[in-house]
file model_9.pdb (PDB, C-alpha atoms, pLDDT in the B column)
ATOM      1  CA  MET A   1     -29.108  47.893  10.561  1.00 43.00           C
ATOM      2  CA  ARG A   2     -25.665  48.897   9.472  1.00 45.00           C
ATOM      3  CA  ASP A   3     -24.629  52.535   9.079  1.00 41.00           C
ATOM      4  CA  THR A   4     -24.656  53.422   5.379  1.00 35.00           C
ATOM      5  CA  ASN A   5     -22.733  56.662   5.930  1.00 34.00           C
ATOM      6  CA  GLN A   6     -19.416  55.097   5.114  1.00 32.00           C
ATOM      7  CA  THR A   7     -16.838  54.931   2.380  1.00 31.00           C
ATOM      8  CA  ILE A   8     -17.577  52.273  -0.231  1.00 31.00           C
ATOM      9  CA  ILE A   9     -15.039  49.481   0.113  1.00 29.00           C
ATOM     10  CA  LYS A  10     -15.119  46.485  -2.204  1.00 34.00           C
ATOM     11  CA  PHE A  11     -14.427  43.224  -0.430  1.00 31.00           C
ATOM     12  CA  ASP A  12     -15.417  39.558  -0.560  1.00 39.00           C
ATOM     13  CA  HIS A  13     -17.803  38.584   2.190  1.00 40.00           C
ATOM     14  CA  ASP A  14     -16.753  35.470   4.069  1.00 42.00           C
ATOM     15  CA  LYS A  15     -18.408  32.431   2.581  1.00 54.00           C
ATOM     16  CA  ASN A  16     -20.156  30.536   5.332  1.00 53.00           C
ATOM     17  CA  PHE A  17     -20.681  26.919   4.329  1.00 66.00           C
ATOM     18  CA  LYS A  18     -21.983  25.653   7.660  1.00 73.00           C
ATOM     19  CA  LYS A  19     -24.890  23.222   7.779  1.00 76.00           C
ATOM     20  CA  SER A  20     -26.969  25.706   9.775  1.00 69.00           C
ATOM     21  CA  ASP A  21     -26.564  28.319   7.032  1.00 81.00           C
ATOM     22  CA  PHE A  22     -27.783  26.171   4.152  1.00 90.00           C
ATOM     23  CA  VAL A  23     -31.182  27.306   2.866  1.00 92.00           C
ATOM     24  CA  LEU A  24     -33.406  24.272   2.263  1.00 93.00           C
ATOM     25  CA  SER A  25     -36.415  24.163  -0.065  1.00 93.00           C
ATOM     26  CA  LYS A  26     -38.037  21.860  -2.623  1.00 94.00           C
ATOM     27  CA  SER A  27     -35.340  22.957  -5.079  1.00 95.00           C
ATOM     28  CA  ASN A  28     -32.482  21.269  -3.208  1.00 96.00           C
ATOM     29  CA  LYS A  29     -33.898  19.202  -0.334  1.00 96.00           C
ATOM     30  CA  HIS A  30     -33.826  15.943  -2.333  1.00 97.00           C
ATOM     31  CA  ILE A  31     -30.040  16.251  -2.739  1.00 97.00           C
ATOM     32  CA  TYR A  32     -29.496  17.285   0.868  1.00 97.00           C
ATOM     33  CA  ASN A  33     -31.473  14.243   2.059  1.00 97.00           C
ATOM     34  CA  PHE A  34     -29.669  11.942  -0.361  1.00 98.00           C
ATOM     35  CA  LEU A  35     -26.218  13.014   0.873  1.00 97.00           C
ATOM     36  CA  ASN A  36     -27.351  12.472   4.471  1.00 96.00           C
ATOM     37  CA  ARG A  37     -28.126   8.835   3.656  1.00 97.00           C
ATOM     38  CA  TRP A  38     -24.455   8.029   2.985  1.00 98.00           C
ATOM     39  CA  PRO A  39     -23.247   5.314   2.687  1.00 96.00           C
ATOM     40  CA  LYS A  40     -26.656   3.829   1.823  1.00 96.00           C
ATOM     41  CA  TRP A  41     -26.595   5.092  -1.751  1.00 97.00           C
ATOM     42  CA  GLU A  42     -27.846   3.360  -4.880  1.00 95.00           C
ATOM     43  CA  ARG A  43     -24.504   4.067  -6.567  1.00 96.00           C
ATOM     44  CA  ASN A  44     -20.991   5.146  -5.580  1.00 97.00           C
ATOM     45  CA  PHE A  45     -20.709   7.619  -8.466  1.00 98.00           C
ATOM     46  CA  ILE A  46     -22.708  10.827  -7.944  1.00 98.00           C
ATOM     47  CA  ASN A  47     -23.004  13.934 -10.129  1.00 98.00           C
ATOM     48  CA  ILE A  48     -24.533  17.072  -8.565  1.00 98.00           C
ATOM     49  CA  ILE A  49     -25.643  19.473 -11.284  1.00 98.00           C
ATOM     50  CA  GLY A  50     -26.565  23.114 -10.781  1.00 97.00           C
ATOM     51  CA  GLN A  51     -26.111  26.714 -11.846  1.00 95.00           C
ATOM     52  CA  ASN A  52     -23.406  28.939 -10.422  1.00 95.00           C
ATOM     53  CA  PHE A  53     -24.335  30.027  -6.867  1.00 93.00           C
ATOM     54  CA  SER A  54     -26.928  27.225  -6.586  1.00 95.00           C
ATOM     55  CA  GLY A  55     -25.255  25.711  -3.511  1.00 94.00           C
ATOM     56  CA  LYS A  56     -23.223  22.828  -4.935  1.00 96.00           C
ATOM     57  CA  THR A  57     -20.129  23.708  -2.899  1.00 95.00           C
ATOM     58  CA  HIS A  58     -22.212  24.321   0.216  1.00 94.00           C
ATOM     59  CA  LEU A  59     -23.816  20.879  -0.088  1.00 96.00           C
ATOM     60  CA  THR A  60     -20.510  19.085  -0.583  1.00 96.00           C
ATOM     61  CA  ASN A  61     -18.935  21.029   2.268  1.00 95.00           C
ATOM     62  CA  ILE A  62     -21.699  19.903   4.642  1.00 95.00           C
ATOM     63  CA  PHE A  63     -21.154  16.339   3.435  1.00 97.00           C
ATOM     64  CA  ILE A  64     -17.367  16.414   3.786  1.00 95.00           C
ATOM     65  CA  LYS A  65     -17.540  17.954   7.268  1.00 94.00           C
ATOM     66  CA  LYS A  66     -19.721  15.074   8.396  1.00 95.00           C
ATOM     67  CA  ASN A  67     -18.146  12.169   6.528  1.00 96.00           C
ATOM     68  CA  LYS A  68     -14.626  13.413   5.762  1.00 92.00           C
ATOM     69  CA  GLY A  69     -13.038  13.205   2.351  1.00 95.00           C
ATOM     70  CA  LEU A  70     -10.786  14.843  -0.213  1.00 96.00           C
ATOM     71  CA  ARG A  71     -11.891  17.841  -2.276  1.00 96.00           C
ATOM     72  CA  ILE A  72     -10.215  18.471  -5.646  1.00 96.00           C
ATOM     73  CA  ASN A  73     -10.878  21.252  -8.153  1.00 95.00           C
ATOM     74  CA  SER A  74     -11.163  19.530 -11.519  1.00 95.00           C
ATOM     75  CA  HIS A  75      -8.918  22.086 -13.224  1.00 93.00           C
ATOM     76  CA  PHE A  76      -6.029  21.219 -10.885  1.00 95.00           C
ATOM     77  CA  LEU A  77      -6.314  17.429 -10.903  1.00 96.00           C
ATOM     78  CA  ASN A  78      -2.811  15.929 -11.006  1.00 95.00           C
ATOM     79  CA  GLU A  79      -0.824  12.728 -10.458  1.00 95.00           C
ATOM     80  CA  GLU A  80      -0.337  13.467  -6.758  1.00 95.00           C
ATOM     81  CA  ASP A  81      -4.100  13.438  -6.253  1.00 95.00           C
ATOM     82  CA  LEU A  82      -4.202   9.805  -7.370  1.00 94.00           C
ATOM     83  CA  LYS A  83      -1.904   8.987  -4.455  1.00 93.00           C
ATOM     84  CA  LYS A  84      -3.824  11.119  -1.967  1.00 94.00           C
ATOM     85  CA  ILE A  85      -7.129   9.351  -2.515  1.00 94.00           C
ATOM     86  CA  GLU A  86      -5.755   6.153  -0.978  1.00 92.00           C
ATOM     87  CA  ILE A  87      -6.498   7.382   2.551  1.00 94.00           C
ATOM     88  CA  TYR A  88      -9.945   8.806   1.779  1.00 96.00           C
ATOM     89  CA  GLU A  89     -13.242   7.030   1.314  1.00 97.00           C
ATOM     90  CA  ASN A  90     -15.015  10.032  -0.217  1.00 98.00           C
ATOM     91  CA  ILE A  91     -13.662  12.054  -3.132  1.00 98.00           C
ATOM     92  CA  ILE A  92     -15.210  15.303  -4.369  1.00 98.00           C
ATOM     93  CA  ILE A  93     -14.317  16.712  -7.782  1.00 98.00           C
ATOM     94  CA  GLU A  94     -15.580  20.269  -8.168  1.00 97.00           C
ATOM     95  CA  ASP A  95     -16.548  22.262 -11.261  1.00 96.00           C
ATOM     96  CA  LEU A  96     -16.068  19.537 -13.848  1.00 98.00           C
ATOM     97  CA  THR A  97     -15.849  20.689 -17.473  1.00 95.00           C
ATOM     98  CA  SER A  98     -14.275  19.279 -20.620  1.00 93.00           C
ATOM     99  CA  ASN A  99     -11.132  21.208 -19.625  1.00 93.00           C
ATOM    100  CA  ILE A 100      -9.606  18.350 -17.645  1.00 95.00           C
ATOM    101  CA  ASN A 101      -6.942  15.694 -18.010  1.00 95.00           C
ATOM    102  CA  GLU A 102      -9.238  12.892 -19.136  1.00 97.00           C
ATOM    103  CA  ASN A 103      -6.729  10.100 -18.568  1.00 96.00           C
ATOM    104  CA  LEU A 104      -6.178  11.192 -14.969  1.00 96.00           C
ATOM    105  CA  LEU A 105      -9.904  11.475 -14.326  1.00 97.00           C
ATOM    106  CA  PHE A 106     -10.515   8.009 -15.780  1.00 97.00           C
ATOM    107  CA  SER A 107      -7.684   6.559 -13.679  1.00 97.00           C
ATOM    108  CA  LEU A 108      -9.131   8.201 -10.574  1.00 97.00           C
ATOM    109  CA  MET A 109     -12.555   6.705 -11.300  1.00 97.00           C
ATOM    110  CA  ASN A 110     -11.019   3.267 -11.764  1.00 96.00           C
ATOM    111  CA  LEU A 111      -9.274   3.500  -8.396  1.00 96.00           C
ATOM    112  CA  ILE A 112     -12.493   4.562  -6.712  1.00 96.00           C
ATOM    113  CA  GLU A 113     -14.424   1.672  -8.224  1.00 96.00           C
ATOM    114  CA  GLN A 114     -11.639  -0.785  -7.450  1.00 96.00           C
ATOM    115  CA  ASP A 115     -11.535   0.181  -3.764  1.00 96.00           C
ATOM    116  CA  ASN A 116     -15.308   0.641  -3.451  1.00 96.00           C
ATOM    117  CA  LYS A 117     -14.941   4.312  -2.532  1.00 97.00           C
ATOM    118  CA  TYR A 118     -17.401   7.133  -3.270  1.00 98.00           C
ATOM    119  CA  ILE A 119     -17.094  10.053  -5.660  1.00 98.00           C
ATOM    120  CA  ILE A 120     -19.189  13.214  -5.956  1.00 98.00           C
ATOM    121  CA  ILE A 121     -18.639  15.371  -9.031  1.00 98.00           C
ATOM    122  CA  THR A 122     -20.201  18.831  -9.258  1.00 98.00           C
ATOM    123  CA  SER A 123     -20.813  20.500 -12.597  1.00 98.00           C
ATOM    124  CA  LEU A 124     -22.953  23.021 -14.455  1.00 97.00           C
ATOM    125  CA  ASN A 125     -24.061  20.366 -16.933  1.00 97.00           C
ATOM    126  CA  PRO A 126     -24.631  16.612 -16.528  1.00 98.00           C
ATOM    127  CA  ILE A 127     -21.424  14.616 -16.809  1.00 98.00           C
ATOM    128  CA  VAL A 128     -23.035  12.498 -19.534  1.00 97.00           C
ATOM    129  CA  ASP A 129     -23.374  15.646 -21.678  1.00 97.00           C
ATOM    130  CA  ILE A 130     -19.712  16.677 -21.394  1.00 97.00           C
ATOM    131  CA  ASP A 131     -17.874  16.138 -24.662  1.00 95.00           C
ATOM    132  CA  PHE A 132     -15.079  13.868 -23.477  1.00 96.00           C
ATOM    133  CA  LYS A 133     -12.668  12.643 -26.136  1.00 96.00           C
ATOM    134  CA  LEU A 134     -11.759   9.457 -24.253  1.00 96.00           C
ATOM    135  CA  ILE A 135     -14.293   6.765 -25.191  1.00 96.00           C
ATOM    136  CA  ASP A 136     -13.827   4.856 -21.927  1.00 96.00           C
ATOM    137  CA  LEU A 137     -14.499   8.037 -19.940  1.00 97.00           C
ATOM    138  CA  LYS A 138     -17.689   8.665 -21.897  1.00 96.00           C
ATOM    139  CA  SER A 139     -18.792   5.163 -21.037  1.00 96.00           C
ATOM    140  CA  ARG A 140     -17.909   5.576 -17.343  1.00 96.00           C
ATOM    141  CA  ALA A 141     -19.870   8.839 -17.210  1.00 97.00           C
ATOM    142  CA  LYS A 142     -23.053   6.833 -17.806  1.00 96.00           C
ATOM    143  CA  SER A 143     -22.610   5.083 -14.465  1.00 96.00           C
ATOM    144  CA  PHE A 144     -23.186   8.296 -12.478  1.00 98.00           C
ATOM    145  CA  LEU A 145     -26.385   8.990 -10.588  1.00 98.00           C
ATOM    146  CA  LEU A 146     -27.483  12.483 -11.652  1.00 98.00           C
ATOM    147  CA  LEU A 147     -28.827  14.838  -8.966  1.00 98.00           C
ATOM    148  CA  ASN A 148     -30.052  18.167 -10.298  1.00 98.00           C
ATOM    149  CA  ILE A 149     -30.476  21.309  -8.187  1.00 97.00           C
ATOM    150  CA  GLU A 150     -33.703  22.747  -9.547  1.00 96.00           C
ATOM    151  CA  GLN A 151     -34.521  26.369 -10.332  1.00 95.00           C
ATOM    152  CA  PRO A 152     -35.046  28.337  -7.105  1.00 95.00           C
ATOM    153  CA  ASP A 153     -38.633  28.455  -5.860  1.00 95.00           C
ATOM    154  CA  ASP A 154     -40.102  31.392  -3.914  1.00 95.00           C
ATOM    155  CA  GLU A 155     -39.174  29.877  -0.553  1.00 94.00           C
ATOM    156  CA  LEU A 156     -35.544  29.435  -1.577  1.00 95.00           C
ATOM    157  CA  ILE A 157     -35.261  32.895  -3.148  1.00 96.00           C
ATOM    158  CA  PHE A 158     -36.632  34.439   0.054  1.00 95.00           C
ATOM    159  CA  GLY A 159     -34.168  32.453   2.160  1.00 93.00           C
ATOM    160  CA  ILE A 160     -31.161  33.238  -0.043  1.00 93.00           C
ATOM    161  CA  ILE A 161     -31.902  36.980  -0.006  1.00 92.00           C
ATOM    162  CA  LEU A 162     -32.522  37.016   3.743  1.00 91.00           C
ATOM    163  CA  LYS A 163     -29.334  35.080   4.525  1.00 88.00           C
ATOM    164  CA  ASN A 164     -27.070  37.054   2.202  1.00 86.00           C
ATOM    165  CA  LEU A 165     -28.321  40.400   3.460  1.00 85.00           C
ATOM    166  CA  SER A 166     -27.902  39.195   7.044  1.00 84.00           C
ATOM    167  CA  ASP A 167     -24.308  38.222   6.212  1.00 82.00           C
ATOM    168  CA  ARG A 168     -23.831  41.845   5.164  1.00 80.00           C
ATOM    169  CA  GLN A 169     -25.489  43.031   8.389  1.00 81.00           C
ATOM    170  CA  ILE A 170     -28.454  44.425   6.453  1.00 81.00           C
ATOM    171  CA  LEU A 171     -31.953  44.135   7.904  1.00 82.00           C
ATOM    172  CA  LEU A 172     -34.800  44.242   5.390  1.00 87.00           C
ATOM    173  CA  ASP A 173     -38.550  44.167   6.016  1.00 89.00           C
ATOM    174  CA  LYS A 174     -40.221  40.921   4.906  1.00 91.00           C
ATOM    175  CA  LYS A 175     -42.667  42.784   2.677  1.00 93.00           C
ATOM    176  CA  LEU A 176     -39.705  44.215   0.742  1.00 93.00           C
ATOM    177  CA  ILE A 177     -38.207  40.746   0.333  1.00 94.00           C
ATOM    178  CA  ASN A 178     -41.577  39.410  -0.846  1.00 95.00           C
ATOM    179  CA  TYR A 179     -41.720  42.251  -3.372  1.00 95.00           C
ATOM    180  CA  ILE A 180     -38.317  41.163  -4.711  1.00 96.00           C
ATOM    181  CA  VAL A 181     -39.266  37.467  -4.782  1.00 96.00           C
ATOM    182  CA  LYS A 182     -42.277  38.175  -7.003  1.00 95.00           C
ATOM    183  CA  ARG A 183     -40.226  40.136  -9.541  1.00 94.00           C
ATOM    184  CA  ILE A 184     -36.692  38.763  -9.696  1.00 95.00           C
ATOM    185  CA  GLU A 185     -35.621  36.315 -12.402  1.00 94.00           C
ATOM    186  CA  ARG A 186     -35.495  32.662 -11.269  1.00 92.00           C
ATOM    187  CA  SER A 187     -31.732  32.342 -11.626  1.00 93.00           C
ATOM    188  CA  TYR A 188     -29.147  31.796  -8.871  1.00 95.00           C
ATOM    189  CA  SER A 189     -26.641  34.093 -10.583  1.00 93.00           C
ATOM    190  CA  LYS A 190     -29.282  36.826 -11.040  1.00 93.00           C
ATOM    191  CA  ILE A 191     -30.183  36.602  -7.353  1.00 94.00           C
ATOM    192  CA  HIS A 192     -26.496  36.816  -6.406  1.00 92.00           C
ATOM    193  CA  ASN A 193     -25.947  39.827  -8.674  1.00 93.00           C
ATOM    194  CA  PHE A 194     -29.085  41.534  -7.361  1.00 94.00           C
ATOM    195  CA  ILE A 195     -27.946  41.225  -3.735  1.00 92.00           C
ATOM    196  CA  TYR A 196     -24.558  42.696  -4.626  1.00 91.00           C
ATOM    197  CA  LYS A 197     -26.221  45.529  -6.562  1.00 92.00           C
ATOM    198  CA  ILE A 198     -28.627  46.658  -3.834  1.00 91.00           C
ATOM    199  CA  ASP A 199     -25.785  46.516  -1.320  1.00 88.00           C
ATOM    200  CA  GLN A 200     -23.655  48.793  -3.492  1.00 90.00           C
ATOM    201  CA  LEU A 201     -26.546  51.141  -4.283  1.00 90.00           C
ATOM    202  CA  SER A 202     -27.306  51.488  -0.580  1.00 87.00           C
ATOM    203  CA  LEU A 203     -23.689  52.362   0.167  1.00 88.00           C
ATOM    204  CA  LYS A 204     -23.383  54.735  -2.766  1.00 89.00           C
ATOM    205  CA  LYS A 205     -26.597  56.604  -1.958  1.00 84.00           C
ATOM    206  CA  LYS A 206     -25.815  56.487   1.772  1.00 83.00           C
ATOM    207  CA  ARG A 207     -29.286  55.358   2.756  1.00 85.00           C
ATOM    208  CA  SER A 208     -31.102  52.245   3.809  1.00 86.00           C
ATOM    209  CA  ILE A 209     -32.496  49.899   1.189  1.00 89.00           C
ATOM    210  CA  ASP A 210     -36.017  50.979   0.210  1.00 88.00           C
ATOM    211  CA  PHE A 211     -38.474  50.404  -2.653  1.00 89.00           C
ATOM    212  CA  LYS A 212     -36.663  52.935  -4.831  1.00 92.00           C
ATOM    213  CA  ILE A 213     -33.288  51.180  -4.499  1.00 92.00           C
ATOM    214  CA  ILE A 214     -34.914  47.789  -4.993  1.00 93.00           C
ATOM    215  CA  LYS A 215     -36.694  48.928  -8.171  1.00 92.00           C
ATOM    216  CA  GLU A 216     -33.453  50.380  -9.511  1.00 92.00           C
ATOM    217  CA  ALA A 217     -31.598  47.149  -8.818  1.00 92.00           C
ATOM    218  CA  LEU A 218     -34.369  45.195 -10.531  1.00 93.00           C
ATOM    219  CA  GLY A 219     -34.180  47.504 -13.522  1.00 87.00           C
ATOM    220  CA  GLU A 220     -37.751  48.711 -13.143  1.00 74.00           C
TER     221      GLU A 220
END

call {"tool": "encode", "arguments": {"input": "model_9.pdb", "output": "structure tokens"}}
result
Amino acid sequence: MRDTNQTIIKFDHDKNFKKSDFVLSKSNKHIYNFLNRWPKWERNFINIIGQNFSGKTHLTNIFIKKNKGLRINSHFLNEEDLKKIEIYENIIIEDLTSNINENLLFSLMNLIEQDNKYIIITSLNPIVDIDFKLIDLKSRAKSFLLLNIEQPDDELIFGIILKNLSDRQILLDKKLINYIVKRIERSYSKIHNFIYKIDQLSLKKKRSIDFKIIKEALGE
């Protein structure tokens, strides 16, 4: 276990998006298996839906490492991207919202369909529920296969907590993790915030994580 007698330093832990670090459970396994079946998909237009911190980026990173492709943040989509996609078979558009150049997105989709390429769009809400102004884009959104990352089950919550604490070089007894799993809210963002909070409390109090710190982080 790490030494907690240290100065508190705020930093971003390295995000590890390797296949071996992805935590599988009933909540996300159906999407993981679907992506592994590429290119034998029912449709070329895929929309992965999930909360913040639910693993959308991790899933697409595993996919793109295996099958290669171009990743574009939806907020930075531009004319140059329409040229770049020519050499890629798989296109990933991340974090889609209504705050996007709709004409560019529609043009990109047309190019993908025309050349029989594949597109994965990640978003918090289903693409069919996004309030696009462009009628043709609304219509095209209906052609997407929707894959929803479900609320985290106990197995996934346990795995997420274990992995994230390990990334921070924190060892925690399984009975303490089980205690957390039974009490924490079933929300990916809440789990993420909880892990950050117990880490900071442990550093601030200069002691290992125990029931008292866990209860404080849970707000009990």

call {"tool": "closest_residue", "arguments": {"input": "model_9.pdb", "among": "A:Glu150, A:Asp210, A:Asp81, A:Asp199", "to": "A:Tyr179", "atoms": "only C-alpha atoms"}}
result
A:Asp210

call {"tool": "closest_residue", "arguments": {"input": "model_9.pdb", "among": "A:Gly219, A:Gly159, A:Pro126, A:Gly50", "to": "A:Arg183", "atoms": "all atoms listed in the file"}}
result
A:Gly219

call {"tool": "atom_distance", "arguments": {"input": "model_9.pdb", "atom1": "atom CA of A:Gln51", "atom2": "atom CA of A:Lys142"}}
result
21.0 Å

call {"tool": "residues_around", "arguments": {"input": "model_9.pdb", "residues": "stretch 74-77 of chain A", "least_positions_apart": "4", "cutoff": "12 Å", "atoms": "only C-alpha atoms", "output": "count of residues only"}}
result
28

call {"tool": "residues_around", "arguments": {"input": "model_9.pdb", "residues": "A:Ile214", "least_positions_apart": "4", "cutoff": "10 Å", "atoms": "only C-alpha atoms", "output": "ChimeraX atom specification"}}
result
/A:176-177,179-180,194-195,197-199,201-202,209-210,218-220

call {"tool": "atom_distance", "arguments": {"input": "model_9.pdb", "atom1": "atom CA of A:Leu111", "atom2": "atom CA of A:Lys66"}}
result
22.9 Å

call {"tool": "closest_residue", "arguments": {"input": "model_9.pdb", "among": "A:Asn148, A:Lys117, A:Arg168, A:Phe158", "to": "A:Ile87", "atoms": "all atoms listed in the file"}}
result
A:Lys117

call {"tool": "closest_residue", "arguments": {"input": "model_9.pdb", "among": "A:Leu165, A:Leu147, A:Ile160, A:Ile130", "to": "A:Lys190", "atoms": "only C-alpha atoms"}}
result
A:Ile160

call {"tool": "atom_distance", "arguments": {"input": "model_9.pdb", "atom1": "atom CA of A:Ile31", "atom2": "atom CA of A:Leu59"}}
result
8.2 Å

call {"tool": "closest_residue", "arguments": {"input": "model_9.pdb", "among": "A:Asn67, A:Gln114, A:Asn61, A:Ser54", "to": "A:Tyr88", "atoms": "all atoms listed in the file"}}
result
A:Asn67

call {"tool": "resolve_selection", "arguments": {"input": "model_9.pdb", "expression": "the PyMOL selection byres ((chain A and resi 143) around 12)", "output": "PyMOL selection string"}}
result
chain A and resi 42-47+109+113+119+126-128+136-142+144-146

call {"tool": "residues_around", "arguments": {"input": "model_9.pdb", "residues": "stretch 20-30 of chain A", "least_positions_apart": "4", "cutoff": "8 Å", "atoms": "only C-alpha atoms", "output": "list of chain:residue names"}}
result
A:Asn16, A:Phe34, A:His58, A:Leu59, A:Ile149, A:Glu150, A:Gln151, A:Pro152, A:Asp153, A:Glu155, A:Leu156, A:Gly159, A:Ile160, A:Lys163

call {"tool": "residues_near_point", "arguments": {"input": "model_9.pdb", "point": "(-15.7, 3.8, 1.1)", "cutoff": "7 Å", "atoms": "all atoms listed in the file", "output": "list in words"}}
result
Glu89, Asn90, Asn116, Lys117 and Tyr118 of chain A

call {"tool": "decode", "arguments": {"input": "model_9.pdb", "residues": "stretch 133-147 of chain A", "atoms": "N, CA and C atoms", "output": "PDB file, in the first residue's frame"}}
result
ATOM      1  N   LYS A 133     -31.675  20.153 -36.078  1.00  0.00           N
ATOM      2  CA  LYS A 133     -32.519  21.071 -36.852  1.00  0.00           C
ATOM      3  C   LYS A 133     -32.656  20.593 -38.306  1.00  0.00           C
ATOM      4  N   LEU A 134     -31.616  19.924 -38.789  1.00  0.00           N
ATOM      5  CA  LEU A 134     -31.595  19.448 -40.174  1.00  0.00           C
ATOM      6  C   LEU A 134     -32.485  18.209 -40.309  1.00  0.00           C
ATOM      7  N   ILE A 135     -33.532  18.315 -41.107  1.00  0.00           N
ATOM      8  CA  ILE A 135     -34.502  17.229 -41.255  1.00  0.00           C
ATOM      9  C   ILE A 135     -33.845  15.955 -41.771  1.00  0.00           C
ATOM     10  N   ASP A 136     -32.950  16.090 -42.750  1.00  0.00           N
ATOM     11  CA  ASP A 136     -32.282  14.921 -43.318  1.00  0.00           C
ATOM     12  C   ASP A 136     -31.422  14.204 -42.275  1.00  0.00           C
ATOM     13  N   LEU A 137     -30.823  14.984 -41.364  1.00  0.00           N
ATOM     14  CA  LEU A 137     -29.995  14.394 -40.316  1.00  0.00           C
ATOM     15  C   LEU A 137     -30.873  13.639 -39.318  1.00  0.00           C
ATOM     16  N   LYS A 138     -32.021  14.203 -39.004  1.00  0.00           N
ATOM     17  CA  LYS A 138     -32.965  13.509 -38.126  1.00  0.00           C
ATOM     18  C   LYS A 138     -33.360  12.163 -38.724  1.00  0.00           C
ATOM     19  N   SER A 139     -33.588  12.177 -40.011  1.00  0.00           N
ATOM     20  CA  SER A 139     -33.978  10.946 -40.699  1.00  0.00           C
ATOM     21  C   SER A 139     -32.839   9.930 -40.686  1.00  0.00           C
ATOM     22  N   ARG A 140     -31.623  10.390 -40.937  1.00  0.00           N
ATOM     23  CA  ARG A 140     -30.446   9.514 -40.956  1.00  0.00           C
ATOM     24  C   ARG A 140     -30.183   8.921 -39.570  1.00  0.00           C
ATOM     25  N   ALA A 141     -30.492   9.678 -38.532  1.00  0.00           N
ATOM     26  CA  ALA A 141     -30.265   9.204 -37.163  1.00  0.00           C
ATOM     27  C   ALA A 141     -31.054   7.920 -36.875  1.00  0.00           C
ATOM     28  N   LYS A 142     -32.161   7.738 -37.564  1.00  0.00           N
ATOM     29  CA  LYS A 142     -33.004   6.563 -37.350  1.00  0.00           C
ATOM     30  C   LYS A 142     -32.368   5.283 -37.887  1.00  0.00           C
ATOM     31  N   SER A 143     -31.325   5.426 -38.680  1.00  0.00           N
ATOM     32  CA  SER A 143     -30.680   4.249 -39.267  1.00  0.00           C
ATOM     33  C   SER A 143     -29.622   3.644 -38.349  1.00  0.00           C
ATOM     34  N   PHE A 144     -29.372   4.284 -37.202  1.00  0.00           N
ATOM     35  CA  PHE A 144     -28.336   3.802 -36.283  1.00  0.00           C
ATOM     36  C   PHE A 144     -28.836   2.646 -35.421  1.00  0.00           C
ATOM     37  N   LEU A 145     -27.959   1.686 -35.195  1.00  0.00           N
ATOM     38  CA  LEU A 145     -28.216   0.630 -34.230  1.00  0.00           C
ATOM     39  C   LEU A 145     -27.806   1.167 -32.861  1.00  0.00           C
ATOM     40  N   LEU A 146     -28.733   1.161 -31.914  1.00  0.00           N
ATOM     41  CA  LEU A 146     -28.481   1.737 -30.591  1.00  0.00           C
ATOM     42  C   LEU A 146     -27.986   0.663 -29.627  1.00  0.00           C
ATOM     43  N   LEU A 147     -26.824   0.919 -29.015  1.00  0.00           N
ATOM     44  CA  LEU A 147     -26.245   0.014 -28.023  1.00  0.00           C
ATOM     45  C   LEU A 147     -26.073   0.778 -26.717  1.00  0.00           C
TER      46      LEU A 147
END
